[in-house]
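Colleague: So here's coords-v5.csv (CSV, C-alpha atoms).
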```csv
chain,number,residue,atom,x,y,z
W,1,MET,CA,12.3,49.2,-61.9
W,2,SER,CA,13.1,47.3,-58.7
W,3,GLY,CA,16.5,45.6,-58.6
W,4,TYR,CA,15.0,42.3,-57.6
W,5,VAL,CA,12.6,41.9,-60.5
W,6,ILE,CA,14.4,39.1,-62.2
W,7,ARG,CA,14.4,37.0,-59.0
W,8,LYS,CA,10.8,37.9,-58.0
W,9,GLU,CA,9.5,34.3,-58.0
W,10,ASP,CA,12.4,33.2,-55.8
W,11,TYR,CA,11.7,36.0,-53.2
W,12,LEU,CA,7.9,35.2,-53.3
W,13,ARG,CA,8.7,31.5,-52.7
W,14,ARG,CA,11.0,32.3,-49.8
W,15,LEU,CA,8.5,34.7,-48.2
W,16,ARG,CA,5.8,32.0,-48.4
W,17,LEU,CA,8.1,29.6,-46.6
W,18,ILE,CA,8.7,32.3,-43.9
W,19,GLU,CA,4.9,32.9,-43.6
W,20,GLY,CA,4.5,29.2,-43.0
W,21,GLN,CA,7.3,29.3,-40.4
W,22,VAL,CA,5.5,32.1,-38.6
W,23,ARG,CA,2.3,30.1,-38.6
W,24,GLY,CA,4.4,27.2,-37.2
W,25,LEU,CA,5.6,29.4,-34.4
W,26,ALA,CA,1.9,30.3,-33.5
W,27,ARG,CA,1.1,26.5,-33.6
W,28,MET,CA,4.0,25.8,-31.2
W,29,ILE,CA,2.8,28.4,-28.8
W,30,ASP,CA,-0.8,27.2,-29.1
W,31,GLU,CA,0.4,23.7,-28.2
W,32,ASP,CA,2.5,24.9,-25.2
W,33,THR,CA,5.8,23.9,-26.7
W,34,TYR,CA,8.8,24.4,-24.4
W,35,CYS,CA,10.0,28.1,-24.6
W,36,ILE,CA,13.5,27.3,-25.7
W,37,ASP,CA,12.3,25.3,-28.7
W,38,VAL,CA,10.0,28.2,-29.7
W,39,LEU,CA,13.0,30.5,-29.4
W,40,THR,CA,15.2,28.2,-31.6
W,41,GLN,CA,12.5,28.3,-34.3
W,42,LEU,CA,12.1,32.0,-33.9
W,43,SER,CA,15.8,32.5,-34.5
W,44,SER,CA,15.6,30.5,-37.6
W,45,VAL,CA,12.7,32.6,-38.9
W,46,THR,CA,14.7,35.8,-38.1
W,47,SER,CA,17.7,34.4,-40.0
W,48,ALA,CA,15.6,33.6,-43.0
W,49,LEU,CA,14.1,37.1,-43.1
W,50,ARG,CA,17.6,38.6,-42.8
W,51,SER,CA,18.7,36.5,-45.8
W,52,VAL,CA,15.9,37.9,-47.8
W,53,GLY,CA,16.9,41.4,-46.7
W,54,LEU,CA,20.5,40.8,-47.7
W,55,GLY,CA,19.4,39.5,-51.0
W,56,LEU,CA,17.2,42.5,-51.7
W,57,LEU,CA,20.1,44.8,-50.7
W,58,ASP,CA,22.5,42.9,-53.0
W,59,GLU,CA,20.2,43.4,-56.0
W,60,HIS,CA,19.5,47.0,-55.0
W,61,LEU,CA,23.2,47.8,-55.0
W,62,HIS,CA,23.9,45.9,-58.2
W,63,HIS,CA,21.1,47.4,-60.1
W,64,CYS,CA,19.5,50.6,-58.7
W,65,VAL,CA,22.7,52.1,-57.2
W,66,VAL,CA,24.8,51.4,-60.3
W,67,ASP,CA,22.0,52.7,-62.6
W,68,ALA,CA,21.6,55.9,-60.5
W,69,ALA,CA,25.4,56.5,-60.5
W,70,SER,CA,25.6,56.0,-64.2
W,71,ILE,CA,22.9,58.7,-64.9
W,72,GLU,CA,24.4,61.3,-62.5
W,73,ALA,CA,27.0,61.3,-59.7
W,74,ASP,CA,24.7,63.2,-57.3
W,75,ARG,CA,21.9,60.7,-57.9
W,76,GLY,CA,24.2,57.8,-57.3
W,77,ASP,CA,25.3,59.4,-54.0
W,78,ARG,CA,21.8,60.0,-52.8
W,79,THR,CA,20.9,56.3,-53.6
W,80,ILE,CA,23.9,55.1,-51.7
W,81,THR,CA,23.1,57.3,-48.6
W,82,GLU,CA,19.6,55.9,-48.7
W,83,ALA,CA,21.0,52.3,-48.9
W,84,VAL,CA,23.3,52.9,-45.9
W,85,VAL,CA,20.4,54.1,-43.8
W,86,ALA,CA,18.5,50.9,-44.8
W,87,ILE,CA,21.6,48.8,-43.7
W,88,GLU,CA,21.7,50.6,-40.4
W,89,ARG,CA,18.0,49.8,-39.9
W,90,LEU,CA,18.6,46.1,-40.6
W,91,LEU,CA,21.5,46.1,-38.2
W,92,ARG,CA,19.5,47.6,-35.3
W,93,ALA,CA,16.3,45.5,-36.0
P,1,MET,CA,4.3,24.1,-18.3
P,2,SER,CA,5.7,26.7,-20.6
P,3,GLY,CA,6.5,30.1,-19.1
P,4,TYR,CA,4.4,32.1,-21.6
P,5,VAL,CA,1.1,30.2,-20.9
P,6,ILE,CA,-0.6,33.1,-19.2
P,7,ARG,CA,0.1,35.5,-22.1
P,8,LYS,CA,-0.6,32.9,-24.8
P,9,GLU,CA,-3.4,34.9,-26.4
P,10,ASP,CA,-1.2,37.9,-26.6
P,11,TYR,CA,1.6,36.0,-28.3
P,12,LEU,CA,-0.8,34.4,-30.8
P,13,ARG,CA,-2.2,37.8,-31.7
P,14,ARG,CA,1.3,39.2,-32.2
P,15,LEU,CA,2.3,36.3,-34.4
P,16,ARG,CA,-0.9,36.7,-36.5
P,17,LEU,CA,0.1,40.3,-37.1
P,18,ILE,CA,3.7,39.2,-38.0
P,19,GLU,CA,2.2,36.6,-40.4
P,20,GLY,CA,0.2,39.4,-42.0
P,21,GLN,CA,3.3,41.6,-42.3
P,22,VAL,CA,5.2,38.8,-44.1
P,23,ARG,CA,2.3,38.5,-46.5
P,24,GLY,CA,2.5,42.3,-46.9
P,25,LEU,CA,6.2,41.9,-47.8
P,26,ALA,CA,5.3,39.4,-50.5
P,27,ARG,CA,2.6,41.7,-51.9
P,28,MET,CA,5.2,44.6,-52.0
P,29,ILE,CA,7.5,42.4,-54.0
P,30,ASP,CA,4.7,41.2,-56.2
P,31,GLU,CA,3.9,44.8,-57.0
P,32,ASP,CA,7.6,45.8,-57.7
P,33,THR,CA,7.8,48.2,-54.7
P,34,TYR,CA,11.0,50.1,-54.5
P,35,CYS,CA,13.7,47.9,-52.8
P,36,ILE,CA,14.4,50.3,-49.9
P,37,ASP,CA,10.7,50.5,-49.0
P,38,VAL,CA,10.6,46.6,-48.9
P,39,LEU,CA,13.8,46.6,-46.7
P,40,THR,CA,12.2,49.2,-44.3
P,41,GLN,CA,9.2,46.9,-43.9
P,42,LEU,CA,11.4,43.9,-43.5
P,43,SER,CA,13.3,45.5,-40.7
P,44,SER,CA,10.1,46.3,-39.0
P,45,VAL,CA,9.0,42.6,-39.2
P,46,THR,CA,12.4,41.5,-37.9
P,47,SER,CA,12.0,43.9,-35.0
P,48,ALA,CA,8.5,42.6,-34.2
P,49,LEU,CA,9.9,39.0,-34.2
P,50,ARG,CA,12.7,39.9,-31.9
P,51,SER,CA,10.3,41.5,-29.5
P,52,VAL,CA,8.3,38.3,-29.4
P,53,GLY,CA,11.6,36.4,-28.8
P,54,LEU,CA,12.6,38.8,-25.9
P,55,GLY,CA,9.1,38.4,-24.4
P,56,LEU,CA,9.3,34.6,-24.5
P,57,LEU,CA,12.8,34.7,-23.0
P,58,ASP,CA,11.6,37.0,-20.2
P,59,GLU,CA,8.8,34.6,-19.3
P,60,HIS,CA,11.1,31.7,-19.6
P,61,LEU,CA,13.6,33.3,-17.1
P,62,HIS,CA,10.8,34.4,-14.7
P,63,HIS,CA,9.1,31.1,-14.7
P,64,CYS,CA,11.0,28.0,-16.0
P,65,VAL,CA,14.4,29.1,-14.8
P,66,VAL,CA,13.3,30.2,-11.3
P,67,ASP,CA,11.2,27.0,-11.0
P,68,ALA,CA,14.1,24.7,-12.0
P,69,ALA,CA,16.5,26.5,-9.6
P,70,SER,CA,14.0,26.1,-6.7
P,71,ILE,CA,13.7,22.4,-7.3
P,72,GLU,CA,17.5,21.7,-7.5
P,73,ALA,CA,20.5,23.9,-8.1
P,74,ASP,CA,21.9,21.7,-10.8
P,75,ARG,CA,18.7,21.8,-12.7
P,76,GLY,CA,18.6,25.6,-12.4
P,77,ASP,CA,22.1,25.7,-13.8
P,78,ARG,CA,21.3,23.5,-16.8
P,79,THR,CA,18.2,25.6,-17.6
P,80,ILE,CA,20.3,28.8,-17.5
P,81,THR,CA,23.0,27.4,-19.7
P,82,GLU,CA,20.3,26.4,-22.2
P,83,ALA,CA,18.8,29.9,-22.0
P,84,VAL,CA,22.2,31.5,-22.7
P,85,VAL,CA,22.7,29.3,-25.8
P,86,ALA,CA,19.2,30.5,-27.0
P,87,ILE,CA,20.2,34.2,-26.4
P,88,GLU,CA,23.4,33.7,-28.4
P,89,ARG,CA,21.3,32.2,-31.2
P,90,LEU,CA,19.0,35.2,-31.1
P,91,LEU,CA,22.0,37.6,-31.2
P,92,ARG,CA,23.5,35.9,-34.3
P,93,ALA,CA,20.3,35.4,-36.2
R,1,MET,CA,43.0,54.7,-52.4
R,2,SER,CA,40.7,53.9,-49.5
R,3,GLY,CA,37.3,55.5,-49.4
R,4,TYR,CA,37.7,56.9,-45.9
R,5,VAL,CA,40.9,58.8,-46.5
R,6,ILE,CA,39.5,62.3,-46.2
R,7,ARG,CA,37.9,61.5,-42.8
R,8,LYS,CA,40.9,59.5,-41.5
R,9,GLU,CA,41.5,61.8,-38.5
R,10,ASP,CA,37.9,61.5,-37.5
R,11,TYR,CA,38.1,57.7,-37.6
R,12,LEU,CA,41.4,57.6,-35.7
R,13,ARG,CA,39.9,59.8,-33.0
R,14,ARG,CA,36.8,57.6,-32.7
R,15,LEU,CA,38.9,54.5,-32.4
R,16,ARG,CA,41.0,56.1,-29.7
R,17,LEU,CA,37.8,56.8,-27.8
R,18,ILE,CA,36.7,53.1,-28.3
R,19,GLU,CA,40.1,51.9,-27.1
R,20,GLY,CA,39.6,54.0,-24.0
R,21,GLN,CA,36.1,52.5,-23.5
R,22,VAL,CA,37.5,49.0,-23.7
R,23,ARG,CA,40.1,49.9,-21.1
R,24,GLY,CA,37.2,51.3,-19.0
R,25,LEU,CA,35.5,47.9,-19.3
R,26,ALA,CA,38.6,46.2,-18.0
R,27,ARG,CA,38.7,48.7,-15.1
R,28,MET,CA,35.1,48.0,-14.3
R,29,ILE,CA,35.7,44.3,-14.1
R,30,ASP,CA,38.9,44.8,-12.1
R,31,GLU,CA,36.9,46.8,-9.6
R,32,ASP,CA,34.1,44.1,-9.4
R,33,THR,CA,31.4,46.5,-10.9
R,34,TYR,CA,27.9,45.0,-11.0
R,35,CYS,CA,27.5,42.8,-14.1
R,36,ILE,CA,24.6,44.7,-15.5
R,37,ASP,CA,26.5,48.0,-15.4
R,38,VAL,CA,29.4,46.3,-17.2
R,39,LEU,CA,27.0,44.9,-19.9
R,40,THR,CA,25.5,48.4,-20.4
R,41,GLN,CA,28.9,49.8,-21.0
R,42,LEU,CA,29.8,46.9,-23.3
R,43,SER,CA,26.6,47.5,-25.4
R,44,SER,CA,27.7,51.1,-25.8
R,45,VAL,CA,31.2,50.1,-27.0
R,46,THR,CA,29.6,47.7,-29.5
R,47,SER,CA,27.3,50.4,-30.7
R,48,ALA,CA,30.3,52.8,-31.2
R,49,LEU,CA,32.2,50.1,-33.2
R,50,ARG,CA,29.1,49.5,-35.4
R,51,SER,CA,28.9,53.2,-36.1
R,52,VAL,CA,32.5,53.2,-37.2
R,53,GLY,CA,31.7,50.2,-39.4
R,54,LEU,CA,28.7,51.8,-41.0
R,55,GLY,CA,30.8,55.0,-41.6
R,56,LEU,CA,33.5,53.0,-43.4
R,57,LEU,CA,30.9,51.1,-45.4
R,58,ASP,CA,29.2,54.4,-46.4
R,59,GLU,CA,32.5,55.8,-47.6
R,60,HIS,CA,33.4,52.6,-49.3
R,61,LEU,CA,30.1,52.6,-51.3
R,62,HIS,CA,30.4,56.3,-52.1
R,63,HIS,CA,34.0,56.1,-53.3
R,64,CYS,CA,35.4,52.6,-54.1
R,65,VAL,CA,32.2,51.1,-55.5
R,66,VAL,CA,31.3,54.1,-57.6
R,67,ASP,CA,34.9,54.3,-58.9
R,68,ALA,CA,35.0,50.6,-59.7
R,69,ALA,CA,31.7,50.8,-61.5
R,70,SER,CA,32.8,53.8,-63.6
R,71,ILE,CA,35.9,51.9,-64.7
R,72,GLU,CA,34.2,48.7,-65.8
R,73,ALA,CA,30.7,47.2,-65.0
R,74,ASP,CA,32.2,43.8,-64.0
R,75,ARG,CA,34.6,45.4,-61.6
R,76,GLY,CA,31.7,47.4,-60.1
R,77,ASP,CA,29.8,44.2,-59.7
R,78,ARG,CA,32.6,42.4,-58.0
R,79,THR,CA,33.1,45.3,-55.6
R,80,ILE,CA,29.4,45.3,-54.7
R,81,THR,CA,29.4,41.5,-54.1
R,82,GLU,CA,32.4,41.9,-51.8
R,83,ALA,CA,30.6,44.8,-49.9
R,84,VAL,CA,27.5,42.7,-49.4
R,85,VAL,CA,29.6,39.9,-47.9
R,86,ALA,CA,31.1,42.5,-45.5
R,87,ILE,CA,27.6,43.7,-44.6
R,88,GLU,CA,26.5,40.1,-43.8
R,89,ARG,CA,29.6,39.7,-41.6
R,90,LEU,CA,28.7,42.9,-39.7
R,91,LEU,CA,25.1,41.7,-39.3
R,92,ARG,CA,26.1,38.3,-37.8
R,93,ALA,CA,29.0,39.7,-35.6
G,1,MET,CA,29.6,40.2,-5.4
G,2,SER,CA,29.7,40.2,-9.1
G,3,GLY,CA,28.9,36.9,-10.9
G,4,TYR,CA,32.1,37.0,-13.0
G,5,VAL,CA,34.6,37.2,-10.1
G,6,ILE,CA,36.0,33.7,-10.3
G,7,ARG,CA,36.8,34.3,-14.0
G,8,LYS,CA,38.0,37.8,-13.6
G,9,GLU,CA,41.5,37.1,-14.9
G,10,ASP,CA,40.1,35.5,-18.0
G,11,TYR,CA,37.9,38.5,-18.8
G,12,LEU,CA,40.7,41.0,-18.2
G,13,ARG,CA,42.9,39.0,-20.6
G,14,ARG,CA,40.2,38.9,-23.3
G,15,LEU,CA,39.6,42.7,-22.9
G,16,ARG,CA,43.3,43.3,-23.3
G,17,LEU,CA,43.2,41.4,-26.5
G,18,ILE,CA,40.2,43.4,-27.7
G,19,GLU,CA,42.0,46.6,-26.8
G,20,GLY,CA,44.9,45.5,-28.9
G,21,GLN,CA,42.5,44.7,-31.8
G,22,VAL,CA,41.0,48.2,-31.6
G,23,ARG,CA,44.5,49.6,-31.8
G,24,GLY,CA,45.1,47.3,-34.7
G,25,LEU,CA,42.0,48.8,-36.4
G,26,ALA,CA,43.4,52.3,-35.9
G,27,ARG,CA,46.8,51.2,-37.4
G,28,MET,CA,45.0,49.7,-40.4
G,29,ILE,CA,43.2,53.0,-41.0
G,30,ASP,CA,46.4,55.0,-40.5
G,31,GLU,CA,48.0,52.9,-43.2
G,32,ASP,CA,45.1,53.3,-45.6
G,33,THR,CA,44.2,49.6,-45.6
G,34,TYR,CA,41.4,48.6,-48.0
G,35,CYS,CA,38.0,49.4,-46.5
G,36,ILE,CA,36.7,45.8,-46.7
G,37,ASP,CA,39.7,44.5,-44.8
G,38,VAL,CA,39.1,47.0,-42.1
G,39,LEU,CA,35.5,46.0,-41.9
G,40,THR,CA,36.4,42.3,-41.7
G,41,GLN,CA,38.6,43.1,-38.7
G,42,LEU,CA,36.0,45.3,-37.2
G,43,SER,CA,33.4,42.5,-37.4
G,44,SER,CA,35.8,40.2,-35.6
G,45,VAL,CA,36.3,42.8,-32.8
G,46,THR,CA,32.5,43.2,-32.4
G,47,SER,CA,32.2,39.4,-32.2
G,48,ALA,CA,34.9,39.2,-29.5
G,49,LEU,CA,33.1,41.9,-27.5
G,50,ARG,CA,29.7,40.1,-27.9
G,51,SER,CA,31.3,36.9,-26.6
G,52,VAL,CA,32.6,38.8,-23.5
G,53,GLY,CA,29.0,40.1,-23.1
G,54,LEU,CA,27.4,36.7,-23.4
G,55,GLY,CA,30.0,35.3,-20.9
G,56,LEU,CA,29.2,38.1,-18.4
G,57,LEU,CA,25.4,37.5,-18.9
G,58,ASP,CA,25.9,33.7,-18.3
G,59,GLU,CA,27.7,34.3,-15.0
G,60,HIS,CA,25.2,36.9,-14.0
G,61,LEU,CA,22.3,34.5,-14.5
G,62,HIS,CA,24.1,31.6,-12.9
G,63,HIS,CA,25.1,33.6,-9.8
G,64,CYS,CA,23.4,36.9,-9.2
G,65,VAL,CA,19.9,35.9,-10.5
G,66,VAL,CA,19.9,32.5,-8.7
G,67,ASP,CA,21.1,34.2,-5.5
G,68,ALA,CA,18.5,36.9,-5.7
G,69,ALA,CA,15.7,34.4,-6.4
G,70,SER,CA,16.8,32.3,-3.4
G,71,ILE,CA,16.7,35.2,-1.0
G,72,GLU,CA,13.2,36.5,-2.1
G,73,ALA,CA,11.0,35.8,-5.1
G,74,ASP,CA,10.4,39.5,-5.8
G,75,ARG,CA,14.1,40.2,-5.7
G,76,GLY,CA,14.7,37.4,-8.2
G,77,ASP,CA,12.0,38.8,-10.5
G,78,ARG,CA,13.5,42.3,-10.4
G,79,THR,CA,17.0,40.9,-11.2
G,80,ILE,CA,15.6,38.9,-14.2
G,81,THR,CA,13.7,42.0,-15.5
G,82,GLU,CA,16.9,43.9,-15.3
G,83,ALA,CA,18.8,41.1,-17.1
G,84,VAL,CA,16.2,41.0,-19.9
G,85,VAL,CA,16.6,44.8,-20.4
G,86,ALA,CA,20.4,44.3,-20.7
G,87,ILE,CA,19.9,41.5,-23.3
G,88,GLU,CA,17.6,43.7,-25.3
G,89,ARG,CA,20.4,46.4,-25.2
G,90,LEU,CA,22.9,43.9,-26.5
G,91,LEU,CA,20.6,42.8,-29.3
G,92,ARG,CA,20.1,46.4,-30.5
G,93,ALA,CA,23.7,47.5,-30.1
```
Can you dump the structure from the file as structure tokens?

Modeller:
Amino acid sequence: MSGYVIRKEDYLRRLRLIEGQVRGLARMIDEDTYCIDVLTQLSSVTSALRSVGLGLLDEHLHHCVVDAASIEADRGDRTITEAVVAIERLLRA
Amino acid sequence: MSGYVIRKEDYLRRLRLIEGQVRGLARMIDEDTYCIDVLTQLSSVTSALRSVGLGLLDEHLHHCVVDAASIEADRGDRTITEAVVAIERLLRA
Amino acid sequence: MSGYVIRKEDYLRRLRLIEGQVRGLARMIDEDTYCIDVLTQLSSVTSALRSVGLGLLDEHLHHCVVDAASIEADRGDRTITEAVVAIERLLRA
Amino acid sequence: MSGYVIRKEDYLRRLRLIEGQVRGLARMIDEDTYCIDVLTQLSSVTSALRSVGLGLLDEHLHHCVVDAASIEADRGDRTITEAVVAIERLLRA
């Protein structure tokens, strides 16, 4: 089971908002909006995406990692290593 | 005129792809995909957005900033200060 | 006990290298090195610092979080929440 | 001439502070400080480095780029392309 299941509706709602924001970016470009204003909006979409990522990571650590560690130490360790790789990917994205 | 006008179609195409990727993220969550796989996909969307941001910034510096500076030094300076604030916002997003 | 204790010498060695790199940055500025070359070196110092941060986070999750969770579920949860706040701070830094 | 020359003393002072902060990080690790406290301090060093980077970039755009563009359009363009590559490197660091 995925760690975020209990807040699934919340994540789906936030992603719909982000999808609308991306469409808004396209509209701004289509209407020749001043570059800096497009960039400001783009930073806000990036920030919203990052928040979703941090939320998913939070649930993952609270549920999947703790569950894996409680079953078997080795399994917990593998799950943590995998999570750290995901955090690194977020940091460099 | 916005600096990205000549590549407008390219930006619109990239934003449509990103919009599709965000919808893909929602679908992954709706289907209870494993958290780490959702995070990997989310990093890739963030990275695609950042590339669009860097592209817009590049055009902005090549066109708007150079144009503003050629009209009047002060105006060039204000445009650069504004661009640096936008870069800072991208960095912290 | 801190999670990084067994690799303490390795971290101290990496931080000494980073300290030397920061001194190198000051020397570059003192010698009026071209801005872009200073920025390239600065990105490399930032990247080295981030790697140390990811290493510390990795040890923290593998040791402190797993230990806390094995003592008491609530304690594990608090430790994870604290770690996620630290990850967010790294992301925005 | 480098764009930051007039604020050279300010940059040297900030880099000395950062060097001291990196030494402080090593001291924290040497004294087995709690991982999360080390990470908080590390985020603050990273943030101080980024501010120096943004400052250098700001001076670079205000001086070197504008100078290059005033000499010859092509030269301005090359300098801007080089600056955007440096910004991308900062973003991914």

Colleague: Using all atoms of segment 5-16 of chain W that appear in the file, construct an axis-aligned enclosing box with 5 Å of padding on every side and provide its centre coordinates and edge lengths in Å, rounded to one decimal, as lines of an AutoDock Vina configuration file.

Modeller:
```
center_x = 10.1
center_y = 36.7
center_z = -55.2
size_x = 18.6
size_y = 20.4
size_z = 24.0
```

Colleague: Please give chain P as a JSON list (two decimals) with C-alpha atoms, in the frame of the given file, after it has been superposed on chain G by least squares over all Cα atoms paired in order.

Modeller:
```json
[["chain", "number", "residue", "atom", "x", "y", "z"],
["P", 1, "MET", "CA", 29.69, 40.17, -5.35],
["P", 2, "SER", "CA", 29.70, 40.21, -9.09],
["P", 3, "GLY", "CA", 28.97, 36.93, -10.87],
["P", 4, "TYR", "CA", 32.15, 36.95, -13.00],
["P", 5, "VAL", "CA", 34.59, 37.23, -10.00],
["P", 6, "ILE", "CA", 35.97, 33.75, -10.36],
["P", 7, "ARG", "CA", 36.82, 34.23, -14.07],
["P", 8, "LYS", "CA", 38.05, 37.81, -13.61],
["P", 9, "GLU", "CA", 41.53, 37.09, -14.93],
["P", 10, "ASP", "CA", 40.09, 35.51, -17.98],
["P", 11, "TYR", "CA", 37.87, 38.48, -18.73],
["P", 12, "LEU", "CA", 40.73, 40.95, -18.22],
["P", 13, "ARG", "CA", 42.91, 38.99, -20.63],
["P", 14, "ARG", "CA", 40.13, 38.94, -23.23],
["P", 15, "LEU", "CA", 39.57, 42.66, -22.90],
["P", 16, "ARG", "CA", 43.35, 43.33, -23.25],
["P", 17, "LEU", "CA", 43.25, 41.42, -26.51],
["P", 18, "ILE", "CA", 40.13, 43.41, -27.64],
["P", 19, "GLU", "CA", 41.97, 46.65, -26.71],
["P", 20, "GLY", "CA", 44.86, 45.50, -28.89],
["P", 21, "GLN", "CA", 42.51, 44.69, -31.78],
["P", 22, "VAL", "CA", 40.99, 48.21, -31.62],
["P", 23, "ARG", "CA", 44.49, 49.62, -31.77],
["P", 24, "GLY", "CA", 45.08, 47.30, -34.75],
["P", 25, "LEU", "CA", 41.98, 48.82, -36.41],
["P", 26, "ALA", "CA", 43.41, 52.29, -35.95],
["P", 27, "ARG", "CA", 46.77, 51.24, -37.40],
["P", 28, "MET", "CA", 44.92, 49.72, -40.47],
["P", 29, "ILE", "CA", 43.21, 53.03, -41.00],
["P", 30, "ASP", "CA", 46.40, 54.94, -40.44],
["P", 31, "GLU", "CA", 48.02, 52.88, -43.15],
["P", 32, "ASP", "CA", 45.07, 53.28, -45.67],
["P", 33, "THR", "CA", 44.15, 49.55, -45.61],
["P", 34, "TYR", "CA", 41.47, 48.61, -48.02],
["P", 35, "CYS", "CA", 38.01, 49.39, -46.47],
["P", 36, "ILE", "CA", 36.67, 45.81, -46.66],
["P", 37, "ASP", "CA", 39.74, 44.43, -44.86],
["P", 38, "VAL", "CA", 39.15, 47.05, -42.03],
["P", 39, "LEU", "CA", 35.41, 46.03, -41.90],
["P", 40, "THR", "CA", 36.39, 42.28, -41.67],
["P", 41, "GLN", "CA", 38.60, 43.11, -38.68],
["P", 42, "LEU", "CA", 35.95, 45.27, -37.17],
["P", 43, "SER", "CA", 33.42, 42.51, -37.31],
["P", 44, "SER", "CA", 35.83, 40.23, -35.63],
["P", 45, "VAL", "CA", 36.31, 42.76, -32.75],
["P", 46, "THR", "CA", 32.54, 43.17, -32.47],
["P", 47, "SER", "CA", 32.20, 39.41, -32.24],
["P", 48, "ALA", "CA", 34.88, 39.17, -29.53],
["P", 49, "LEU", "CA", 33.01, 41.90, -27.53],
["P", 50, "ARG", "CA", 29.74, 40.12, -27.83],
["P", 51, "SER", "CA", 31.29, 36.94, -26.59],
["P", 52, "VAL", "CA", 32.55, 38.76, -23.53],
["P", 53, "GLY", "CA", 29.00, 40.20, -23.08],
["P", 54, "LEU", "CA", 27.39, 36.66, -23.38],
["P", 55, "GLY", "CA", 29.95, 35.31, -20.88],
["P", 56, "LEU", "CA", 29.19, 38.05, -18.35],
["P", 57, "LEU", "CA", 25.45, 37.51, -18.83],
["P", 58, "ASP", "CA", 25.86, 33.75, -18.29],
["P", 59, "GLU", "CA", 27.68, 34.32, -15.01],
["P", 60, "HIS", "CA", 25.22, 36.93, -14.02],
["P", 61, "LEU", "CA", 22.27, 34.47, -14.57],
["P", 62, "HIS", "CA", 24.10, 31.57, -12.84],
["P", 63, "HIS", "CA", 25.10, 33.58, -9.88],
["P", 64, "CYS", "CA", 23.35, 36.95, -9.21],
["P", 65, "VAL", "CA", 19.98, 35.91, -10.54],
["P", 66, "VAL", "CA", 19.85, 32.51, -8.77],
["P", 67, "ASP", "CA", 21.12, 34.17, -5.56],
["P", 68, "ALA", "CA", 18.48, 36.95, -5.64],
["P", 69, "ALA", "CA", 15.68, 34.41, -6.35],
["P", 70, "SER", "CA", 16.81, 32.24, -3.38],
["P", 71, "ILE", "CA", 16.70, 35.18, -1.03],
["P", 72, "GLU", "CA", 13.19, 36.43, -2.09],
["P", 73, "ALA", "CA", 11.04, 35.82, -5.13],
["P", 74, "ASP", "CA", 10.42, 39.47, -5.75],
["P", 75, "ARG", "CA", 14.07, 40.21, -5.76],
["P", 76, "GLY", "CA", 14.67, 37.34, -8.21],
["P", 77, "ASP", "CA", 12.03, 38.83, -10.44],
["P", 78, "ARG", "CA", 13.52, 42.33, -10.42],
["P", 79, "THR", "CA", 17.00, 40.92, -11.21],
["P", 80, "ILE", "CA", 15.57, 38.98, -14.18],
["P", 81, "THR", "CA", 13.71, 41.94, -15.55],
["P", 82, "GLU", "CA", 16.94, 43.94, -15.34],
["P", 83, "ALA", "CA", 18.81, 41.12, -17.11],
["P", 84, "VAL", "CA", 16.24, 41.06, -19.94],
["P", 85, "VAL", "CA", 16.59, 44.85, -20.46],
["P", 86, "ALA", "CA", 20.43, 44.28, -20.71],
["P", 87, "ILE", "CA", 19.90, 41.46, -23.32],
["P", 88, "GLU", "CA", 17.65, 43.73, -25.38],
["P", 89, "ARG", "CA", 20.37, 46.39, -25.24],
["P", 90, "LEU", "CA", 22.92, 43.86, -26.41],
["P", 91, "LEU", "CA", 20.62, 42.76, -29.29],
["P", 92, "ARG", "CA", 20.14, 46.36, -30.54],
["P", 93, "ALA", "CA", 23.69, 47.51, -30.13]]
```

Colleague: Each residue of chain G lying at most 10 Å from chain W should get a row with its shortest atom-to-atom pair and the distance in Å to one decimal, counting only C-alpha atoms; could you produce that, ordered by chain and increasing number, as a Markdown table?

Modeller:
```
| residue | atom | partner | partner_atom | distance |
| --- | --- | --- | --- | --- |
| G:Leu91 | CA | W:Arg92 | CA | 7.8 |
| G:Arg92 | CA | W:Arg92 | CA | 5.0 |
| G:Ala93 | CA | W:Arg92 | CA | 6.7 |
```

Colleague: What lies within 8 Å of Cys64 of chain R using only C-alpha atoms, ignoring chain neighbours under 5 positions off, as a PyMOL selection string?

Modeller: chain R and resi 2-3+59+79

Colleague: Can you measure atom CA of Thr40 of chain P to atom CA of Thr40 of chain G for me? One decimal in Å is fine.

Modeller: 25.3 Å

Colleague: Near Ile80 of chain W, counting all atoms listed in the file, which residues have an atom at most 8 Å away, once you skip same-chain residues fewer than 4 positions from it, shown as a PDB file with C-alpha atoms, in the coordinates of the input?

Modeller:
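Contents of part-v7.pdb, freshly written:
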```pdb
ATOM      1  CA  VAL W  65      22.700  52.100 -57.200  1.00  0.00           C
ATOM      2  CA  GLY W  76      24.200  57.800 -57.300  1.00  0.00           C
ATOM      3  CA  VAL W  84      23.300  52.900 -45.900  1.00  0.00           C
TER       4      VAL W  84
ATOM      5  CA  ASP R  58      29.200  54.400 -46.400  1.00  0.00           C
ATOM      6  CA  LEU R  61      30.100  52.600 -51.300  1.00  0.00           C
ATOM      7  CA  HIS R  62      30.400  56.300 -52.100  1.00  0.00           C
TER       8      HIS R  62
END
```

Colleague: One decimal, in Å: what's the spacing between atom CA of Tyr34 of chain P and atom CA of Tyr4 of chain R?

Modeller: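 These atoms are spaced 28.9 Å apart.
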
Colleague: Which polymer residues have any atom within 12 Å of an atom of Gly55 of chain W, counting all atoms listed in the file, with same-chain residues fewer than 3 positions away left out, as a count of residues only?

Modeller: 28

Colleague: Counting all atoms listed in the file, which of G:Leu12, G:Leu90, G:Ile29, G:Val66 gets nearest to Gln41 of chain R?

Modeller: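 Of G:Leu12, G:Leu90, G:Ile29, G:Val66, the one nearest Gln41 of chain R, counting all atoms listed in the file, is G:Leu90.
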